[in-house]
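Asker: My structure is stored as structure03.cif, with mmCIF, C-alpha atoms and all ligand atoms.
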```
data_input
#
loop_
_atom_site.label_atom_id
_atom_site.label_comp_id
_atom_site.auth_asym_id
_atom_site.auth_seq_id
_atom_site.Cartn_x
_atom_site.Cartn_y
_atom_site.Cartn_z
CA MET A 1357 9.01 -15.35 -17.39
CA ASN A 1358 9.69 -13.69 -20.71
CA ARG A 1359 11.27 -10.27 -21.05
CA ASP A 1360 8.05 -8.53 -22.06
CA PHE A 1361 6.36 -9.71 -18.91
CA GLU A 1362 9.37 -8.74 -16.80
CA PHE A 1363 9.40 -5.29 -18.38
CA LYS A 1364 5.69 -4.73 -17.78
CA GLN A 1365 6.01 -5.86 -14.17
CA LEU A 1366 8.94 -3.49 -13.66
CA LEU A 1367 7.09 -0.58 -15.24
CA ARG A 1368 3.99 -1.19 -13.15
CA ALA A 1369 6.06 -1.34 -9.95
CA TYR A 1370 7.72 1.95 -10.88
CA ARG A 1371 4.46 3.70 -11.83
CA ALA A 1372 2.82 2.51 -8.63
CA GLY A 1373 5.68 4.02 -6.63
CA ILE A 1374 6.79 0.62 -5.29
CA ILE A 1375 10.33 1.06 -6.62
CA SER A 1376 12.39 4.23 -7.00
CA GLU A 1377 13.54 5.65 -10.32
CA GLN A 1378 17.07 4.51 -9.46
CA THR A 1379 15.95 0.91 -8.86
CA PHE A 1380 13.84 1.04 -12.02
CA GLU A 1381 16.83 2.14 -14.08
CA SER A 1382 19.23 -0.44 -12.64
CA GLU A 1383 16.70 -3.25 -13.06
CA MET A 1384 16.00 -2.10 -16.62
CA ALA A 1385 19.71 -2.16 -17.37
CA ALA A 1386 19.97 -5.66 -15.89
CA LEU A 1387 16.99 -6.76 -17.97
CA GLU A 1388 18.52 -5.34 -21.14
CA ASN A 1389 21.80 -7.14 -20.39
CA GLY A 1390 19.84 -10.33 -19.93
CA SER A 1391 21.38 -10.83 -16.51
CA VAL A 1392 18.13 -11.38 -14.63
CA SER A 1393 15.73 -12.76 -17.18
CA GLY A 1394 15.06 -16.39 -17.70
CA ASN A 1395 18.30 -17.68 -16.23
CA GLY A 1396 16.54 -19.40 -13.35
CA SER A 1397 18.58 -17.65 -10.67
CA GLY A 1398 17.00 -15.52 -8.00
CA PHE A 1399 13.40 -14.62 -7.31
CA ARG A 1400 11.81 -11.72 -9.18
CA ALA A 1401 9.37 -9.62 -7.17
CA LEU A 1402 8.07 -6.08 -7.57
CA GLY A 1403 10.71 -5.08 -10.07
CA LYS A 1404 13.64 -6.45 -8.07
CA THR A 1405 15.63 -9.64 -8.00
CA TYR A 1406 16.04 -11.36 -4.64
CA GLY A 1407 18.26 -14.29 -3.74
CA SER A 1408 15.26 -16.41 -2.84
CA GLU A 1409 11.50 -16.32 -2.35
CA ARG A 1410 12.06 -16.08 1.40
CA GLU A 1411 14.23 -12.99 0.96
CA ALA A 1412 11.53 -11.34 -1.14
CA VAL A 1413 8.77 -12.22 1.33
CA VAL A 1414 10.79 -10.95 4.30
CA ALA A 1415 11.64 -7.69 2.51
CA PHE A 1416 7.99 -7.10 1.61
CA LEU A 1417 6.68 -7.96 5.09
CA ASP A 1418 9.23 -5.67 6.70
CA ARG A 1419 8.47 -2.69 4.43
CA ALA A 1420 4.72 -3.24 4.77
CA ARG A 1421 5.04 -3.65 8.57
CA VAL A 1422 6.58 -0.23 9.06
CA ALA A 1423 4.29 1.49 6.53
CA GLU A 1424 1.16 -0.02 8.08
CA CYS A 1425 2.19 0.87 11.66
CA ASN A 1426 2.88 4.42 10.54
CA ALA A 1427 -0.47 4.67 8.74
CA GLY A 1428 -2.28 3.18 11.75
CA VAL A 1429 -1.01 6.00 13.97
CA ALA A 1430 -1.78 8.60 11.28
CA PHE A 1431 -5.38 7.47 10.69
CA ASN A 1432 -5.98 7.37 14.44
CA GLU A 1433 -4.82 10.98 14.66
CA TRP A 1434 -7.05 11.96 11.72
CA ALA A 1435 -10.03 10.26 13.44
CA LYS A 1436 -9.34 12.33 16.56
CA GLN A 1437 -9.23 15.56 14.53
CA CYS A 1438 -12.13 14.58 12.26
CA LYS A 1439 -15.02 17.05 12.08
CA THR A 1440 -17.11 15.06 9.58
CA ASP A 1441 -19.30 12.71 11.61
CA CYS A 1442 -20.09 10.27 8.83
CA ILE A 1443 -16.45 9.28 8.25
CA ARG A 1444 -15.08 9.32 11.83
CA SER A 1445 -15.74 5.67 12.72
CA GLY A 1446 -14.65 4.58 9.24
CA LEU A 1447 -11.31 6.27 9.90
CA ARG A 1448 -11.10 4.43 13.24
CA ILE A 1449 -11.68 1.12 11.45
CA ILE A 1450 -8.94 1.97 8.93
CA SER A 1451 -6.56 2.89 11.76
CA GLU A 1452 -7.21 -0.46 13.46
CA ARG A 1453 -6.73 -2.34 10.19
CA GLU A 1454 -3.44 -0.64 9.43
CA SER A 1455 -2.16 -1.21 12.96
CA TYR A 1456 -3.07 -4.90 13.07
CA HIS A 1457 -1.48 -5.47 9.67
CA GLY A 1458 1.70 -4.03 11.19
CA ARG A 1459 1.45 -6.33 14.23
CA ILE A 1460 0.69 -9.46 12.17
CA PHE A 1461 3.60 -8.75 9.82
CA GLU A 1462 5.93 -8.24 12.77
CA GLN A 1463 4.77 -11.58 14.20
CA ARG A 1464 5.26 -13.29 10.85
CA LEU A 1465 8.79 -11.87 10.54
CA ARG A 1466 9.60 -13.29 13.98
CA ASP A 1467 8.13 -16.68 12.92
CA LEU A 1468 10.48 -16.58 9.96
CA GLY A 1469 13.45 -15.71 12.17
CA ALA A 1470 13.83 -12.38 10.38
CA GLU A 1471 14.64 -8.98 11.79
CA CYS A 1472 12.34 -5.95 11.73
CA LYS A 1473 14.66 -3.32 10.34
CA ALA A 1474 12.87 -1.29 7.65
CA GLN A 1475 12.48 2.42 8.41
CA VAL A 1476 9.51 4.62 7.57
CA SER A 1477 9.86 5.76 3.96
CA GLU A 1478 9.73 9.42 2.98
CA GLU A 1479 6.51 8.72 1.10
CA SER A 1480 4.85 7.24 4.21
CA ARG A 1481 6.09 10.15 6.29
CA GLN A 1482 4.60 12.68 3.87
CA PHE A 1483 1.30 10.80 3.76
CA ALA A 1484 1.10 10.80 7.58
CA ALA A 1485 1.97 14.52 7.70
CA CYS A 1486 -0.88 15.26 5.29
CA VAL A 1487 -3.64 13.30 7.02
CA THR A 1488 -2.64 14.53 10.47
CA ASP A 1489 -2.34 18.20 9.48
CA PRO A 1490 -4.84 20.05 11.69
CA LYS A 1491 -4.92 22.93 9.20
CA LEU A 1492 -6.38 20.73 6.45
CA SER A 1493 -10.11 19.98 6.32
CA ASP A 1494 -11.37 16.40 6.09
CA ASN A 1495 -12.48 17.05 2.51
CA GLU A 1496 -9.05 18.35 1.56
CA LYS A 1497 -7.37 15.29 3.12
CA LEU A 1498 -9.73 13.04 1.14
CA LEU A 1499 -8.97 14.95 -2.06
CA ARG A 1500 -5.22 14.56 -1.53
CA PHE A 1501 -5.61 10.84 -0.86
CA ASP A 1502 -7.77 10.52 -3.96
CA ALA A 1503 -5.13 12.26 -6.09
CA LEU A 1504 -2.42 10.00 -4.69
CA VAL A 1505 -4.34 6.78 -5.34
CA LYS A 1506 -5.82 7.30 -8.80
CA ASN A 1507 -6.44 3.69 -9.72
CA PRO A 1508 -6.36 1.21 -6.80
CA ASP A 1509 -6.55 -1.87 -9.06
CA GLU A 1510 -3.52 -0.68 -11.03
CA ILE A 1511 -1.59 0.19 -7.88
CA PHE A 1512 -2.21 -3.15 -6.19
CA LYS A 1513 -1.67 -5.24 -9.31
CA PRO A 1514 2.12 -5.70 -8.93
CA ILE A 1515 1.62 -6.69 -5.29
CA CYS A 1516 -1.09 -9.19 -6.27
CA GLU A 1517 1.27 -10.63 -8.89
CA PHE A 1518 4.00 -10.94 -6.27
CA ILE A 1519 1.60 -12.70 -3.88
CA GLU A 1520 0.54 -15.09 -6.64
CA SER A 1521 4.18 -15.88 -7.38
CA ILE A 1522 4.84 -17.12 -3.83
CA LYS A 1523 5.07 -20.90 -3.96
CA ASP A 1524 6.73 -22.11 -0.75
CA ASP A 1525 5.58 -19.79 2.03
CA GLN A 1526 1.86 -20.49 1.98
CA GLU A 1527 1.27 -18.92 5.38
CA SER A 1528 2.61 -15.52 4.31
CA LYS A 1529 0.87 -15.86 0.94
CA GLU A 1530 -2.58 -16.36 2.46
CA ALA A 1531 -2.03 -13.57 5.02
CA LEU A 1532 -1.00 -11.22 2.22
CA LYS A 1533 -4.10 -12.09 0.21
CA LEU A 1534 -6.28 -11.01 3.14
CA PHE A 1535 -4.12 -7.93 3.62
CA ILE A 1536 -4.71 -6.84 0.03
CA GLU A 1537 -8.45 -7.27 0.43
CA ASP A 1538 -8.33 -4.94 3.45
CA GLU A 1539 -6.21 -2.43 1.55
CA MET A 1540 -8.58 -2.48 -1.42
CA SER A 1541 -11.56 -2.02 0.89
CA THR A 1542 -9.88 0.89 2.69
CA THR A 1543 -8.81 2.58 -0.53
CA LYS A 1544 -12.14 2.22 -2.28
CA TRP A 1545 -14.05 3.48 0.75
CA LEU A 1546 -11.81 6.57 1.05
CA LYS A 1547 -12.27 7.32 -2.65
CA TYR A 1548 -16.02 6.86 -2.35
CA ALA A 1549 -16.08 9.15 0.70
CA CYS A 1550 -14.05 11.72 -1.24
CA ALA A 1551 -16.43 11.63 -4.21
CA ALA A 1552 -19.53 11.81 -2.00
CA LEU A 1553 -18.32 14.61 0.26
CA ASN A 1554 -16.76 16.68 -2.49
CA ALA A 1555 -19.61 16.26 -4.95
CA PRO A 1556 -20.49 19.63 -6.51
CA THR A 1557 -24.19 19.09 -5.82
CA GLN A 1558 -23.58 18.90 -2.11
CA ALA A 1559 -23.06 21.70 0.31
CA ALA A 1560 -19.59 22.32 1.68
CA ALA A 1561 -18.52 19.74 4.23
CA SER A 1562 -19.78 20.29 7.70
CA SER A 1563 -20.19 18.18 10.78
CA SER A 1564 -23.63 17.19 9.51
CA ALA A 1565 -22.36 16.17 6.07
CA SER A 1566 -23.86 12.95 4.77
CA MET A 1567 -22.53 10.44 2.27
CA GLN A 1568 -25.99 9.62 0.95
CA PRO A 1569 -26.28 10.04 -2.80
CA ALA A 1570 -27.93 13.28 -3.90
CA ALA A 1571 -31.64 12.73 -4.66
FE FE A 1601 -2.26 0.07 4.42
#
```
Take the structure in the file and give it back as structure tokens.
Ligand SMILES: [Fe+2]

Answerer:
Amino acid sequence: MNRDFEFKQLLRAYRAGIISEQTFESEMAALENGSVSGNGSGFRALGKTYGSEREAVVAFLDRARVAECNAGVAFNEWAKQCKTDCIRSGLRIISERESYHGRIFEQRLRDLGAECKAQVSEESRQFAACVTDPKLSDNEKLLRFDALVKNPDEIFKPICEFIESIKDDQESKEALKLFIEDEMSTTKWLKYACAALNAPTQAAASSSASMQPAA
């Protein structure tokens, strides 16, 4: 990989919130010093350098496992609170998806002989607090999600690049490809629901709100 590509990958990971500012800065410094680029050592993934592909896959599966489990519980709670009929079962589907991703990743980590040790990130905690807040309306929750995920393709791009870069662990690679398709589907549906239910031509959200396009 050349330095331009490495830099772009790093920047995308930072903008998508996959790596912290601190990690971004240390990886940038390493890139500028030439200590991680093109020397054939380590495995570059999502703006970080790992000792091996396996290490990178395990780290990703572990972080995704805990984030997905957390989101599964949060979406289930939102579905229970939901007052907008047309999105309730969609939220239940999302909750199931998130939860089974968590279970599959846990299983895969065990297959790989790796530990489940990642903790829920502050970002995941805040997201769960928002979508389970009984004081927020469904429309407001959708608006906040929409603001958080401005461009799903851009956000998932670094992860797709990471998945494509996996060469040895084909089982994890194929599972992660399906995972990303689920995540894209979930994200696009939530954004579509947000646009439909918050459209200015429609009446304020109510239990009879519909996601049919305005005539
Ligand atoms: Fe997810």

Asker: Please compute the atom CA of A:Cys1516-atom CA of A:Leu1402 distance, one decimal, in Å.

Answerer: 9.8 Å

Asker: My list of candidates is A:Lys1497, A:Lys1404, A:Arg1481, A:Arg1464. Which is closest to A:Thr1440 when distances are computed with all atoms listed in the file?

Answerer: A:Lys1497

Asker: Give as an MDAnalysis selection string the residues surrounding ligand FE 1601 (chain A) up to a distance of 6 Å, considering all atoms listed in the file.

Answerer: chainID A and resid 1424 1454 1539

Asker: Given the selection you just returned, output its residues as a file containing C-alpha atoms, formatted as a PDB file, in the coordinates of the input.

Answerer:
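Listing of out-v5.pdb after writing:
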```pdb
ATOM      1  CA  GLU A1424       1.160  -0.020   8.080  1.00  0.00           C
ATOM      2  CA  GLU A1454      -3.440  -0.640   9.430  1.00  0.00           C
ATOM      3  CA  GLU A1539      -6.210  -2.430   1.550  1.00  0.00           C
TER       4      GLU A1539
END
```

Asker: Can you write out as JSON lines which residues of stretch 1439-1552 of chain A fall within 12 Å of stretch 1369-1375 of chain A, alongside each residue's closest atom pair and its distance in Å to one decimal, counting only C-alpha atoms and ordering rows by chain and ascending residue number?

Answerer:
```
{"residue": "A:Ser1477", "atom": "CA", "partner": "A:Ile1374", "partner_atom": "CA", "distance": 11.0}
{"residue": "A:Glu1478", "atom": "CA", "partner": "A:Gly1373", "partner_atom": "CA", "distance": 11.7}
{"residue": "A:Glu1479", "atom": "CA", "partner": "A:Gly1373", "partner_atom": "CA", "distance": 9.1}
{"residue": "A:Ser1480", "atom": "CA", "partner": "A:Gly1373", "partner_atom": "CA", "distance": 11.3}
{"residue": "A:Leu1504", "atom": "CA", "partner": "A:Ala1372", "partner_atom": "CA", "distance": 10.0}
{"residue": "A:Val1505", "atom": "CA", "partner": "A:Ala1372", "partner_atom": "CA", "distance": 9.0}
{"residue": "A:Lys1506", "atom": "CA", "partner": "A:Ala1372", "partner_atom": "CA", "distance": 9.9}
{"residue": "A:Asn1507", "atom": "CA", "partner": "A:Ala1372", "partner_atom": "CA", "distance": 9.4}
{"residue": "A:Pro1508", "atom": "CA", "partner": "A:Ala1372", "partner_atom": "CA", "distance": 9.5}
{"residue": "A:Asp1509", "atom": "CA", "partner": "A:Ala1372", "partner_atom": "CA", "distance": 10.4}
{"residue": "A:Glu1510", "atom": "CA", "partner": "A:Ala1372", "partner_atom": "CA", "distance": 7.5}
{"residue": "A:Ile1511", "atom": "CA", "partner": "A:Ala1372", "partner_atom": "CA", "distance": 5.0}
{"residue": "A:Phe1512", "atom": "CA", "partner": "A:Ala1372", "partner_atom": "CA", "distance": 8.0}
{"residue": "A:Lys1513", "atom": "CA", "partner": "A:Ala1369", "partner_atom": "CA", "distance": 8.7}
{"residue": "A:Pro1514", "atom": "CA", "partner": "A:Ala1369", "partner_atom": "CA", "distance": 6.0}
{"residue": "A:Ile1515", "atom": "CA", "partner": "A:Ala1369", "partner_atom": "CA", "distance": 8.4}
{"residue": "A:Cys1516", "atom": "CA", "partner": "A:Ala1369", "partner_atom": "CA", "distance": 11.2}
{"residue": "A:Glu1517", "atom": "CA", "partner": "A:Ala1369", "partner_atom": "CA", "distance": 10.5}
{"residue": "A:Phe1518", "atom": "CA", "partner": "A:Ala1369", "partner_atom": "CA", "distance": 10.5}
```

Asker: Since we have the selection now, will you write its residues out, keeping C-alpha atoms, as a short mmCIF file (atom, residue, chain, number, x, y, z; two decimals), in the coordinates of the input?

Answerer:
```cif
data_model
loop_
_atom_site.label_atom_id
_atom_site.label_comp_id
_atom_site.auth_asym_id
_atom_site.auth_seq_id
_atom_site.Cartn_x
_atom_site.Cartn_y
_atom_site.Cartn_z
CA SER A 1477 9.86 5.76 3.96
CA GLU A 1478 9.73 9.42 2.98
CA GLU A 1479 6.51 8.72 1.10
CA SER A 1480 4.85 7.24 4.21
CA LEU A 1504 -2.42 10.00 -4.69
CA VAL A 1505 -4.34 6.78 -5.34
CA LYS A 1506 -5.82 7.30 -8.80
CA ASN A 1507 -6.44 3.69 -9.72
CA PRO A 1508 -6.36 1.21 -6.80
CA ASP A 1509 -6.55 -1.87 -9.06
CA GLU A 1510 -3.52 -0.68 -11.03
CA ILE A 1511 -1.59 0.19 -7.88
CA PHE A 1512 -2.21 -3.15 -6.19
CA LYS A 1513 -1.67 -5.24 -9.31
CA PRO A 1514 2.12 -5.70 -8.93
CA ILE A 1515 1.62 -6.69 -5.29
CA CYS A 1516 -1.09 -9.19 -6.27
CA GLU A 1517 1.27 -10.63 -8.89
CA PHE A 1518 4.00 -10.94 -6.27
#
```

Asker: What does the distance from atom CA of A:Leu1367 to atom CA of A:Gln1475 come to in Å, to one decimal?

Answerer: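 Separation of atom CA of A:Leu1367 and atom CA of A:Gln1475: 24.4 Å.
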
Asker: With all atoms listed in the file as the atoms that count, which of A:Leu1468, A:Ala1423, A:Cys1442, A:Cys1550 lies nearest to A:Asp1525?

Answerer: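 Distance minimum relative to A:Asp1525 lands on A:Leu1468.
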
Asker: List as an MDAnalysis selection string the protein and nucleic acid residues near A:Cys1486, meaning an atom at most 10 Å away when all atoms listed in the file are counted, but skip any in the same chain fewer than 3 places from it.

Answerer: chainID A and resid 1430 1434 1480:1483 1489:1492 1496:1497 1500:1501

Asker: Could you tell me how far atom CA of A:Arg1453 sits from atom CA of A:Val1487, in Å to one decimal place?

Answerer: 16.3 Å

Asker: If you count all atoms listed in the file, which residues fall within 12 Å of A:Arg1419, apart from same-chain ones fewer than 5 positions away, as an mmCIF file with C-alpha atoms, in the coordinates of the input?

Answerer:
```cif
data_model
loop_
_atom_site.group_PDB
_atom_site.id
_atom_site.type_symbol
_atom_site.label_atom_id
_atom_site.label_comp_id
_atom_site.auth_asym_id
_atom_site.auth_seq_id
_atom_site.Cartn_x
_atom_site.Cartn_y
_atom_site.Cartn_z
ATOM 1 C CA ILE A 1374 6.790 0.620 -5.290
ATOM 2 C CA ILE A 1375 10.330 1.060 -6.620
ATOM 3 C CA ALA A 1412 11.530 -11.340 -1.140
ATOM 4 C CA VAL A 1413 8.770 -12.220 1.330
ATOM 5 C CA VAL A 1414 10.790 -10.950 4.300
ATOM 6 C CA GLU A 1424 1.160 -0.020 8.080
ATOM 7 C CA CYS A 1425 2.190 0.870 11.660
ATOM 8 C CA ASN A 1426 2.880 4.420 10.540
ATOM 9 C CA HIS A 1457 -1.480 -5.470 9.670
ATOM 10 C CA GLY A 1458 1.700 -4.030 11.190
ATOM 11 C CA PHE A 1461 3.600 -8.750 9.820
ATOM 12 C CA GLU A 1462 5.930 -8.240 12.770
ATOM 13 C CA LEU A 1465 8.790 -11.870 10.540
ATOM 14 C CA GLU A 1471 14.640 -8.980 11.790
ATOM 15 C CA CYS A 1472 12.340 -5.950 11.730
ATOM 16 C CA LYS A 1473 14.660 -3.320 10.340
ATOM 17 C CA ALA A 1474 12.870 -1.290 7.650
ATOM 18 C CA GLN A 1475 12.480 2.420 8.410
ATOM 19 C CA VAL A 1476 9.510 4.620 7.570
ATOM 20 C CA SER A 1477 9.860 5.760 3.960
ATOM 21 C CA SER A 1480 4.850 7.240 4.210
#
```
